[in-house]
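Have a look at protein-v4.pdb; it's PDB, C-alpha atoms:
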```pdb
ATOM      1  CA  MET A 264     -19.453   9.730  23.897
ATOM      2  CA  LEU A 265     -19.846   6.445  22.019
ATOM      3  CA  ASP A 266     -21.090   8.350  18.952
ATOM      4  CA  TYR A 267     -17.815  10.258  18.875
ATOM      5  CA  PHE A 268     -15.978   7.052  17.985
ATOM      6  CA  PHE A 269     -18.813   5.008  16.461
ATOM      7  CA  PRO A 270     -21.320   7.290  14.694
ATOM      8  CA  ASP A 271     -24.290   5.995  12.719
ATOM      9  CA  MET A 272     -22.908   4.760   9.384
ATOM     10  CA  ARG A 273     -26.135   3.475   7.845
ATOM     11  CA  LEU A 274     -26.528   6.470   5.520
ATOM     12  CA  ARG A 275     -24.016   8.710   3.754
ATOM     13  CA  ASN A 276     -23.516  12.130   5.266
ATOM     14  CA  THR A 277     -24.055  14.356   2.226
ATOM     15  CA  SER A 278     -25.034  17.535   4.080
ATOM     16  CA  ASP A 279     -21.998  18.594   6.133
ATOM     17  CA  LYS A 280     -19.147  20.496   4.524
ATOM     18  CA  GLU A 281     -15.440  19.812   4.951
ATOM     19  CA  LYS A 282     -13.302  22.674   6.272
ATOM     20  CA  LEU A 283     -10.896  22.402   3.320
ATOM     21  CA  GLU A 284     -13.796  23.281   1.020
ATOM     22  CA  CYS A 285     -14.529  26.575   2.774
ATOM     23  CA  ALA A 286     -13.398  29.703   0.934
ATOM     24  CA  ASP A 287     -12.382  31.362   4.206
ATOM     25  CA  ALA A 288     -10.323  28.411   5.468
ATOM     26  CA  ASP A 289      -7.242  29.371   7.479
ATOM     27  CA  THR A 290      -4.340  29.569   5.023
ATOM     28  CA  ASN A 291      -1.727  27.960   7.281
ATOM     29  CA  ARG A 292      -3.967  25.030   8.147
ATOM     30  CA  LEU A 293      -4.950  24.625   4.508
ATOM     31  CA  GLN A 294      -1.320  24.455   3.402
ATOM     32  CA  GLN A 295      -0.498  22.020   6.197
ATOM     33  CA  THR A 296      -3.472  19.878   5.154
ATOM     34  CA  ILE A 297      -2.273  19.719   1.542
ATOM     35  CA  ARG A 298       1.275  18.837   2.620
ATOM     36  CA  GLN A 299       0.000  16.063   4.895
ATOM     37  CA  PHE A 300      -1.939  14.451   2.046
ATOM     38  CA  LYS A 301       1.413  13.124   0.850
ATOM     39  CA  LEU A 302       1.743  11.020   4.020
ATOM     40  CA  ILE A 303      -1.928  10.011   4.141
ATOM     41  CA  ASN A 304      -2.078   8.941   0.503
ATOM     42  CA  TYR A 305       1.224   7.083   0.755
ATOM     43  CA  LEU A 306       0.199   5.114   3.833
ATOM     44  CA  LEU A 307      -3.554   4.728   3.441
ATOM     45  CA  SER A 308      -4.856   5.250  -0.094
ATOM     46  CA  GLY A 309      -3.393   2.188  -1.820
ATOM     47  CA  SER A 310      -3.087   4.336  -4.949
ATOM     48  CA  SER A 311       0.355   3.057  -5.980
ATOM     49  CA  ARG A 312      -0.819  -0.538  -5.771
ATOM     50  CA  LEU A 313      -3.888   0.260  -7.866
ATOM     51  CA  MET A 314      -1.768   2.037 -10.477
ATOM     52  CA  ARG A 315       0.584  -0.931 -10.761
ATOM     53  CA  GLU A 316      -2.232  -3.458 -11.047
ATOM     54  CA  HIS A 317      -4.534  -1.634 -13.443
ATOM     55  CA  PHE A 318      -2.370   0.858 -15.353
ATOM     56  CA  PHE A 319       1.300  -0.108 -15.408
ATOM     57  CA  SER A 320       0.478  -3.725 -16.198
ATOM     58  CA  ILE A 321      -1.139  -2.469 -19.410
ATOM     59  CA  MET A 322       1.596   0.033 -20.239
ATOM     60  CA  GLU A 323       4.287  -2.620 -20.085
ATOM     61  CA  GLN A 324       2.567  -4.595 -22.836
ATOM     62  CA  ALA A 325       3.748  -1.880 -25.244
ATOM     63  CA  PRO A 326       6.575  -0.074 -23.438
ATOM     64  CA  ASP A 327       7.600   2.092 -26.407
ATOM     65  CA  ARG A 328       4.260   3.871 -26.564
ATOM     66  CA  THR A 329       3.693   7.286 -24.967
ATOM     67  CA  TYR A 330       0.761   7.041 -22.553
ATOM     68  CA  THR A 331      -1.535   9.664 -21.068
ATOM     69  CA  LEU A 332      -3.181   9.733 -17.652
ATOM     70  CA  LEU A 333      -5.774  12.081 -16.187
ATOM     71  CA  ASP A 334      -5.717  12.491 -12.391
ATOM     72  CA  VAL A 335      -9.085  14.027 -11.500
ATOM     73  CA  GLY A 336      -8.956  16.036  -8.296
ATOM     74  CA  GLY A 337      -5.170  15.965  -8.318
ATOM     75  CA  GLY A 338      -4.827  18.166  -5.230
ATOM     76  CA  GLY A 339      -1.204  18.791  -4.299
ATOM     77  CA  CYS A 340      -0.062  16.334  -7.001
ATOM     78  CA  ASP A 341       1.595  13.902  -4.582
ATOM     79  CA  ILE A 342      -0.012  10.937  -6.374
ATOM     80  CA  ALA A 343       0.839  12.347  -9.802
ATOM     81  CA  ILE A 344       4.468  12.763  -8.721
ATOM     82  CA  ARG A 345       4.647   9.233  -7.319
ATOM     83  CA  THR A 346       3.163   7.903 -10.561
ATOM     84  CA  ALA A 347       5.637   9.887 -12.675
ATOM     85  CA  ARG A 348       8.515   8.482 -10.629
ATOM     86  CA  GLU A 349       7.205   4.946 -11.106
ATOM     87  CA  ALA A 350       6.946   5.466 -14.859
ATOM     88  CA  ARG A 351      10.519   6.787 -14.975
ATOM     89  CA  ARG A 352      11.755   3.825 -12.970
ATOM     90  CA  ARG A 353      10.097   1.428 -15.395
ATOM     91  CA  GLY A 354      11.401   3.307 -18.445
ATOM     92  CA  LEU A 355       7.879   4.213 -19.571
ATOM     93  CA  LYS A 356       6.762   7.442 -21.200
ATOM     94  CA  LEU A 357       3.765   8.816 -19.342
ATOM     95  CA  ASN A 358       2.263  12.291 -19.571
ATOM     96  CA  ILE A 359       0.021  13.182 -16.637
ATOM     97  CA  THR A 360      -2.699  15.822 -16.499
ATOM     98  CA  ALA A 361      -3.778  16.758 -12.966
ATOM     99  CA  LEU A 362      -7.192  18.440 -12.803
ATOM    100  CA  ASP A 363      -8.312  20.472  -9.803
ATOM    101  CA  ASN A 364     -10.788  23.293  -9.233
ATOM    102  CA  ASP A 365      -9.181  24.995  -6.224
ATOM    103  CA  LYS A 366      -6.810  27.849  -7.071
ATOM    104  CA  ARG A 367      -5.298  27.700  -3.561
ATOM    105  CA  VAL A 368      -4.333  24.063  -4.001
ATOM    106  CA  ILE A 369      -3.139  24.535  -7.577
ATOM    107  CA  SER A 370      -0.665  27.161  -6.419
ATOM    108  CA  LEU A 371       0.967  24.657  -4.059
ATOM    109  CA  ALA A 372       0.832  21.885  -6.661
ATOM    110  CA  ASN A 373       2.655  24.016  -9.238
ATOM    111  CA  GLN A 374       5.559  24.352  -6.805
ATOM    112  CA  ALA A 375       5.623  20.599  -6.202
ATOM    113  CA  ILE A 376       5.853  19.595  -9.891
ATOM    114  CA  ARG A 377       8.720  21.892 -10.902
ATOM    115  CA  ASP A 378      11.013  18.906 -11.523
ATOM    116  CA  TYR A 379       8.353  16.922 -13.393
ATOM    117  CA  PRO A 380       7.805  18.317 -16.904
ATOM    118  CA  GLU A 381       5.651  15.283 -17.722
ATOM    119  CA  ILE A 382       2.987  16.619 -15.322
ATOM    120  CA  ARG A 383       0.724  19.504 -16.231
ATOM    121  CA  ILE A 384      -1.965  21.039 -14.030
ATOM    122  CA  VAL A 385      -5.315  22.133 -15.430
ATOM    123  CA  GLU A 386      -7.854  24.148 -13.486
ATOM    124  CA  GLY A 387     -11.316  22.758 -14.048
ATOM    125  CA  ASN A 388     -14.393  21.009 -12.733
ATOM    126  CA  ALA A 389     -14.696  17.230 -12.683
ATOM    127  CA  LEU A 390     -18.277  17.568 -13.937
ATOM    128  CA  ASP A 391     -17.250  19.594 -16.988
ATOM    129  CA  LEU A 392     -14.435  17.863 -18.876
ATOM    130  CA  ASN A 393     -15.256  19.304 -22.289
ATOM    131  CA  GLN A 394     -11.929  21.129 -22.385
ATOM    132  CA  LEU A 395     -10.098  17.804 -22.177
ATOM    133  CA  GLY A 396      -9.698  15.135 -24.816
ATOM    134  CA  PRO A 397      -9.432  11.373 -24.336
ATOM    135  CA  PHE A 398      -6.806   9.750 -22.114
ATOM    136  CA  ASP A 399      -5.385   6.247 -21.983
ATOM    137  CA  PHE A 400      -6.006   6.080 -18.237
ATOM    138  CA  VAL A 401      -8.125   8.045 -15.768
ATOM    139  CA  PHE A 402      -7.672   7.985 -11.999
ATOM    140  CA  SER A 403      -9.335   9.668  -9.058
ATOM    141  CA  ASN A 404      -8.499   9.381  -5.387
ATOM    142  CA  HIS A 405     -11.125  10.207  -2.751
ATOM    143  CA  LEU A 406     -13.129  12.298  -5.210
ATOM    144  CA  LEU A 407     -16.431  10.430  -5.541
ATOM    145  CA  HIS A 408     -17.484  10.923  -1.927
ATOM    146  CA  HIS A 409     -17.545  14.690  -2.549
ATOM    147  CA  LEU A 410     -20.263  14.198  -5.177
ATOM    148  CA  ALA A 411     -23.995  13.595  -4.982
ATOM    149  CA  TRP A 412     -25.316  10.477  -6.715
ATOM    150  CA  ASP A 413     -26.552  12.420  -9.759
ATOM    151  CA  ASP A 414     -23.150  14.062 -10.093
ATOM    152  CA  ILE A 415     -21.409  10.679  -9.891
ATOM    153  CA  ARG A 416     -23.544   9.518 -12.812
ATOM    154  CA  ILE A 417     -22.605  12.606 -14.855
ATOM    155  CA  PHE A 418     -18.938  12.174 -13.958
ATOM    156  CA  LEU A 419     -18.813   8.486 -14.893
ATOM    157  CA  ASP A 420     -20.616   9.136 -18.176
ATOM    158  CA  SER A 421     -17.921  11.649 -19.056
ATOM    159  CA  ILE A 422     -15.046   9.432 -17.922
ATOM    160  CA  ILE A 423     -16.300   6.394 -19.847
ATOM    161  CA  ALA A 424     -16.365   8.504 -23.006
ATOM    162  CA  ARG A 425     -12.786   9.722 -22.430
ATOM    163  CA  THR A 426     -11.001   6.516 -21.402
ATOM    164  CA  ARG A 427      -9.062   4.476 -23.957
ATOM    165  CA  PHE A 428      -7.774   1.648 -21.764
ATOM    166  CA  ALA A 429      -8.777   1.754 -18.088
ATOM    167  CA  PHE A 430      -9.996   3.935 -15.255
ATOM    168  CA  VAL A 431      -9.814   3.538 -11.491
ATOM    169  CA  MET A 432     -11.896   5.550  -9.024
ATOM    170  CA  ASN A 433     -10.474   4.955  -5.552
ATOM    171  CA  ASP A 434     -12.592   5.984  -2.586
ATOM    172  CA  LEU A 435     -13.471   5.441   1.051
ATOM    173  CA  LYS A 436     -15.408   2.536   2.478
ATOM    174  CA  ARG A 437     -17.822   3.741   5.135
ATOM    175  CA  SER A 438     -17.378   1.784   8.351
ATOM    176  CA  ASN A 439     -17.023   2.346  12.075
ATOM    177  CA  TRP A 440     -13.644   0.635  12.145
ATOM    178  CA  ALA A 441     -12.295   2.895   9.394
ATOM    179  CA  TYR A 442     -13.623   5.880  11.340
ATOM    180  CA  LEU A 443     -12.017   4.764  14.582
ATOM    181  CA  GLY A 444      -8.726   3.929  12.878
ATOM    182  CA  PHE A 445      -8.517   7.297  11.164
ATOM    183  CA  THR A 446      -9.451   9.098  14.375
ATOM    184  CA  ILE A 447      -6.404   7.598  16.088
ATOM    185  CA  PHE A 448      -4.113   7.987  13.037
ATOM    186  CA  SER A 449      -5.039  11.618  12.420
ATOM    187  CA  TRP A 450      -4.820  12.633  16.066
ATOM    188  CA  LEU A 451      -1.262  11.274  16.198
ATOM    189  CA  LEU A 452       0.138  12.131  12.756
ATOM    190  CA  THR A 453      -1.700  15.086  11.212
ATOM    191  CA  PRO A 454      -1.536  17.964  13.714
ATOM    192  CA  ARG A 455      -2.391  21.596  12.955
ATOM    193  CA  SER A 456      -4.447  20.762   9.885
ATOM    194  CA  PHE A 457      -8.027  20.001   8.849
ATOM    195  CA  HIS A 458      -7.477  16.269   8.540
ATOM    196  CA  PHE A 459      -8.946  15.223  11.883
ATOM    197  CA  TYR A 460     -12.299  16.849  11.093
ATOM    198  CA  ASP A 461     -12.330  16.434   7.299
ATOM    199  CA  GLY A 462     -11.060  12.863   7.224
ATOM    200  CA  ARG A 463     -13.650  11.625   9.684
ATOM    201  CA  LEU A 464     -16.384  13.424   7.766
ATOM    202  CA  SER A 465     -15.062  11.985   4.495
ATOM    203  CA  ILE A 466     -15.470   8.461   5.835
ATOM    204  CA  ARG A 467     -19.076   9.262   6.776
ATOM    205  CA  ARG A 468     -19.541  10.516   3.198
ATOM    206  CA  GLY A 469     -17.954   7.355   1.806
ATOM    207  CA  PHE A 470     -19.644   4.267   0.407
ATOM    208  CA  LEU A 471     -20.764   0.772   1.189
ATOM    209  CA  PRO A 472     -19.797  -1.602  -1.637
ATOM    210  CA  GLU A 473     -23.395  -2.681  -2.198
ATOM    211  CA  GLU A 474     -24.495   0.956  -2.513
ATOM    212  CA  LEU A 475     -22.133   1.386  -5.444
ATOM    213  CA  ARG A 476     -23.189  -1.922  -6.992
ATOM    214  CA  ASP A 477     -26.857  -0.905  -6.767
ATOM    215  CA  PHE A 478     -25.995   2.480  -8.263
ATOM    216  CA  LEU A 479     -24.182   0.879 -11.195
ATOM    217  CA  ARG A 480     -26.987  -1.618 -11.815
ATOM    218  CA  GLY A 481     -29.489   1.221 -11.907
ATOM    219  CA  ASN A 482     -27.482   3.701 -13.985
ATOM    220  CA  PHE A 483     -24.939   1.679 -15.972
ATOM    221  CA  PRO A 484     -26.572  -1.737 -16.420
ATOM    222  CA  ASP A 485     -24.584  -2.589 -19.549
ATOM    223  CA  SER A 486     -21.232  -1.343 -18.269
ATOM    224  CA  ALA A 487     -18.364  -3.571 -17.192
ATOM    225  CA  ILE A 488     -17.471  -1.302 -14.254
ATOM    226  CA  ARG A 489     -16.529  -3.426 -11.254
ATOM    227  CA  VAL A 490     -16.732  -2.580  -7.552
ATOM    228  CA  VAL A 491     -13.648  -3.850  -5.746
ATOM    229  CA  GLU A 492     -12.949  -3.743  -2.022
ATOM    230  CA  THR A 493      -9.326  -3.256  -1.075
ATOM    231  CA  TYR A 494      -7.145  -2.536   1.934
ATOM    232  CA  PRO A 495      -7.251  -0.341   3.937
ATOM    233  CA  ALA A 496     -11.021   0.314   3.967
ATOM    234  CA  ARG A 497     -11.230   1.339   0.335
ATOM    235  CA  VAL A 498     -13.887   0.682  -2.280
ATOM    236  CA  VAL A 499     -12.831   1.100  -5.892
ATOM    237  CA  LEU A 500     -14.580   1.415  -9.248
ATOM    238  CA  VAL A 501     -12.492  -0.326 -11.919
ATOM    239  CA  HIS A 502     -13.142  -0.385 -15.629
ATOM    240  CA  SER A 503     -10.994  -1.764 -18.434
ATOM    241  CA  THR A 504     -11.953  -1.159 -22.032
ATOM    242  CA  ARG A 505      -9.765  -3.952 -23.409
ATOM    243  CA  LYS A 506      -8.108  -7.073 -22.151
ATOM    244  CA  ASP A 507      -5.922  -7.902 -25.107
ATOM    245  CA  SER A 508      -2.507  -6.470 -25.883
ATOM    246  CA  VAL A 509      -2.248  -2.712 -26.210
ATOM    247  CA  SER A 510      -1.848  -1.441 -29.740
ATOM    248  CA  VAL A 511       1.142   0.785 -30.397
ATOM    249  CA  SER A 512      -0.880   2.848 -32.871
ATOM    250  CA  GLY A 513      -1.568   6.454 -31.980
ATOM    251  CA  GLN A 514       1.896   7.068 -30.517
TER     252      GLN A 514
END
```
Just give me the structure of the file as structure tokens.
Amino acid sequence: MLDYFFPDMRLRNTSDKEKLECADADTNRLQQTIRQFKLINYLLSGSSRLMREHFFSIMEQAPDRTYTLLDVGGGGCDIAIRTAREARRRGLKLNITALDNDKRVISLANQAIRDYPEIRIVEGNALDLNQLGPFDFVFSNHLLHHLAWDDIRIFLDSIIARTRFAFVMNDLKRSNWAYLGFTIFSWLLTPRSFHFYDGRLSIRRGFLPEELRDFLRGNFPDSAIRVVETYPARVVLVHSTRKDSVSVSGQ
């Protein structure tokens, strides 16, 4: 019984599969899961705070420029929509490309972005970005824990080559307290969906900060990618390509 609330977190669980990833997943539960991501990401991901700190702070240095952002694993586009609203509120011009590889999710996302012409959805794989050019900013939310270590290396290589100003990879910190907290949260607030099972598994597939630091030292020793811990129970890869004022060239 204790393992139900406090499983062994010493190693990442890279073998089990989330229900949302299954091709034969129940359609109603899948749609409910995608809709509930809006609440989960708003309350728990810290994505808006990360965008403000690492992206909007740069954009406002040159507010007349048109910026581009790639949201890798955009899902139902709730984060892309929130980011577009923030850009509008600040009077900034931001074009967002949301990349996802699940046709079922893309169908729902296309309905959600009808009032946001600055957002476009592209079907594609995060490990094959050849169809996409460079972007000013790149963001991912809870994507890395779906990847094996070799795939994370391939993904970061590709992102580094495509990022003009900064990228942020937001993901889950693996801990018993995060697991217990999400167990209670999901049981109360995400009924009739896959979140209770998938979210708990996602935390077991998440990272310890030192794991990511060791990975970066071994694979990107000359990179300035930083590992940042943030609330609630998130570990984030942050990289900025420049710290001076943003040039208005290339508008």
Picked residues, the PyMOL selection byres ((chain A and resi 427) around 8), as number ranges by chain: A: 397-400, 425-426, 428-429, 504
Selection file, C-alpha atoms, as a PDB file, in the frame of the given file:
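Saved result, part_9.pdb, follows:
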```pdb
ATOM      1  CA  PRO A 397      -9.432  11.373 -24.336  1.00  0.00           C
ATOM      2  CA  PHE A 398      -6.806   9.750 -22.114  1.00  0.00           C
ATOM      3  CA  ASP A 399      -5.385   6.247 -21.983  1.00  0.00           C
ATOM      4  CA  PHE A 400      -6.006   6.080 -18.237  1.00  0.00           C
ATOM      5  CA  ARG A 425     -12.786   9.722 -22.430  1.00  0.00           C
ATOM      6  CA  THR A 426     -11.001   6.516 -21.402  1.00  0.00           C
ATOM      7  CA  PHE A 428      -7.774   1.648 -21.764  1.00  0.00           C
ATOM      8  CA  ALA A 429      -8.777   1.754 -18.088  1.00  0.00           C
ATOM      9  CA  THR A 504     -11.953  -1.159 -22.032  1.00  0.00           C
TER      10      THR A 504
END
```
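Between Asp461 in chain A and the residues A:Leu293, A:Ala286, A:Val498, A:Leu265, the shortest atom-to-atom distance, using all atoms listed in the file, involves A:Leu293.
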Chain and number of each residue from the PyMOL selection byres ((chain A and resi 369) around 10), as a PyMOL selection string: chain A and resi 337-340+361-368+370-375+384-386
Long-range neighbours of Met272 in chain A as an NGL selection string, 9 Å cut-off, all atoms listed in the file, 5 positions minimum in chain: :A and (437-439 or 467)
Test item: the PyMOL selection byres ((chain A and resi 346-352) around 12) resolved as a ChimeraX atom specification: /A:305,310-315,318-320,322-323,326,329-334,337,340-345,353-361,376,378-383,402
Selected residue of minimal separation from Leu479 in chain A among A:Thr493, A:Trp412, A:Gln295, A:Trp450, counting only C-alpha atoms: A:Trp412
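Take CA of His408 in chain A and CA of Gly469 in chain A: the distance between them is 5.2 Å.
Among the candidate residues A:Met432, A:Val335, A:Asp266, A:Pro472, the one lying nearest to Ala389 in chain A is A:Val335, with distances computed using all atoms listed in the file.
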Counting only C-alpha atoms, the residue of A:Leu500, A:Leu419, A:Cys285, A:Ile321 that sits nearest Asn404 in chain A: A:Leu500
Interatomic distance (Å, one decimal) between CA of Val501 in chain A and CA of Phe445 in chain A: 24.6 Å
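For the atom pair formed by CA of Thr453 in chain A and CA of Thr277 in chain A, the distance is 24.1 Å, given to one decimal.
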Test item: residues at most 12 Å from Val490 in chain A, all atoms listed in the file, excluding those fewer than 2 positions along its chain, as a PyMOL selection string: chain A and resi 431-434+436+470-480+486-488+492-493+497-502
Would you write out those residues with C-alpha atoms, as an mmCIF file, keeping the file's coordinate frame?
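What follows is the written file selection_28.cif:
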```
data_model
loop_
_atom_site.group_PDB
_atom_site.id
_atom_site.type_symbol
_atom_site.label_atom_id
_atom_site.label_comp_id
_atom_site.auth_asym_id
_atom_site.auth_seq_id
_atom_site.Cartn_x
_atom_site.Cartn_y
_atom_site.Cartn_z
ATOM 1 C CA VAL A 431 -9.814 3.538 -11.491
ATOM 2 C CA MET A 432 -11.896 5.550 -9.024
ATOM 3 C CA ASN A 433 -10.474 4.955 -5.552
ATOM 4 C CA ASP A 434 -12.592 5.984 -2.586
ATOM 5 C CA LYS A 436 -15.408 2.536 2.478
ATOM 6 C CA PHE A 470 -19.644 4.267 0.407
ATOM 7 C CA LEU A 471 -20.764 0.772 1.189
ATOM 8 C CA PRO A 472 -19.797 -1.602 -1.637
ATOM 9 C CA GLU A 473 -23.395 -2.681 -2.198
ATOM 10 C CA GLU A 474 -24.495 0.956 -2.513
ATOM 11 C CA LEU A 475 -22.133 1.386 -5.444
ATOM 12 C CA ARG A 476 -23.189 -1.922 -6.992
ATOM 13 C CA ASP A 477 -26.857 -0.905 -6.767
ATOM 14 C CA PHE A 478 -25.995 2.480 -8.263
ATOM 15 C CA LEU A 479 -24.182 0.879 -11.195
ATOM 16 C CA ARG A 480 -26.987 -1.618 -11.815
ATOM 17 C CA SER A 486 -21.232 -1.343 -18.269
ATOM 18 C CA ALA A 487 -18.364 -3.571 -17.192
ATOM 19 C CA ILE A 488 -17.471 -1.302 -14.254
ATOM 20 C CA GLU A 492 -12.949 -3.743 -2.022
ATOM 21 C CA THR A 493 -9.326 -3.256 -1.075
ATOM 22 C CA ARG A 497 -11.230 1.339 0.335
ATOM 23 C CA VAL A 498 -13.887 0.682 -2.280
ATOM 24 C CA VAL A 499 -12.831 1.100 -5.892
ATOM 25 C CA LEU A 500 -14.580 1.415 -9.248
ATOM 26 C CA VAL A 501 -12.492 -0.326 -11.919
ATOM 27 C CA HIS A 502 -13.142 -0.385 -15.629
#
```
From A:Tyr267, A:Trp440, A:Phe448, A:Phe430, residue lying nearest Ile303 in chain A [only C-alpha atoms]: A:Phe448
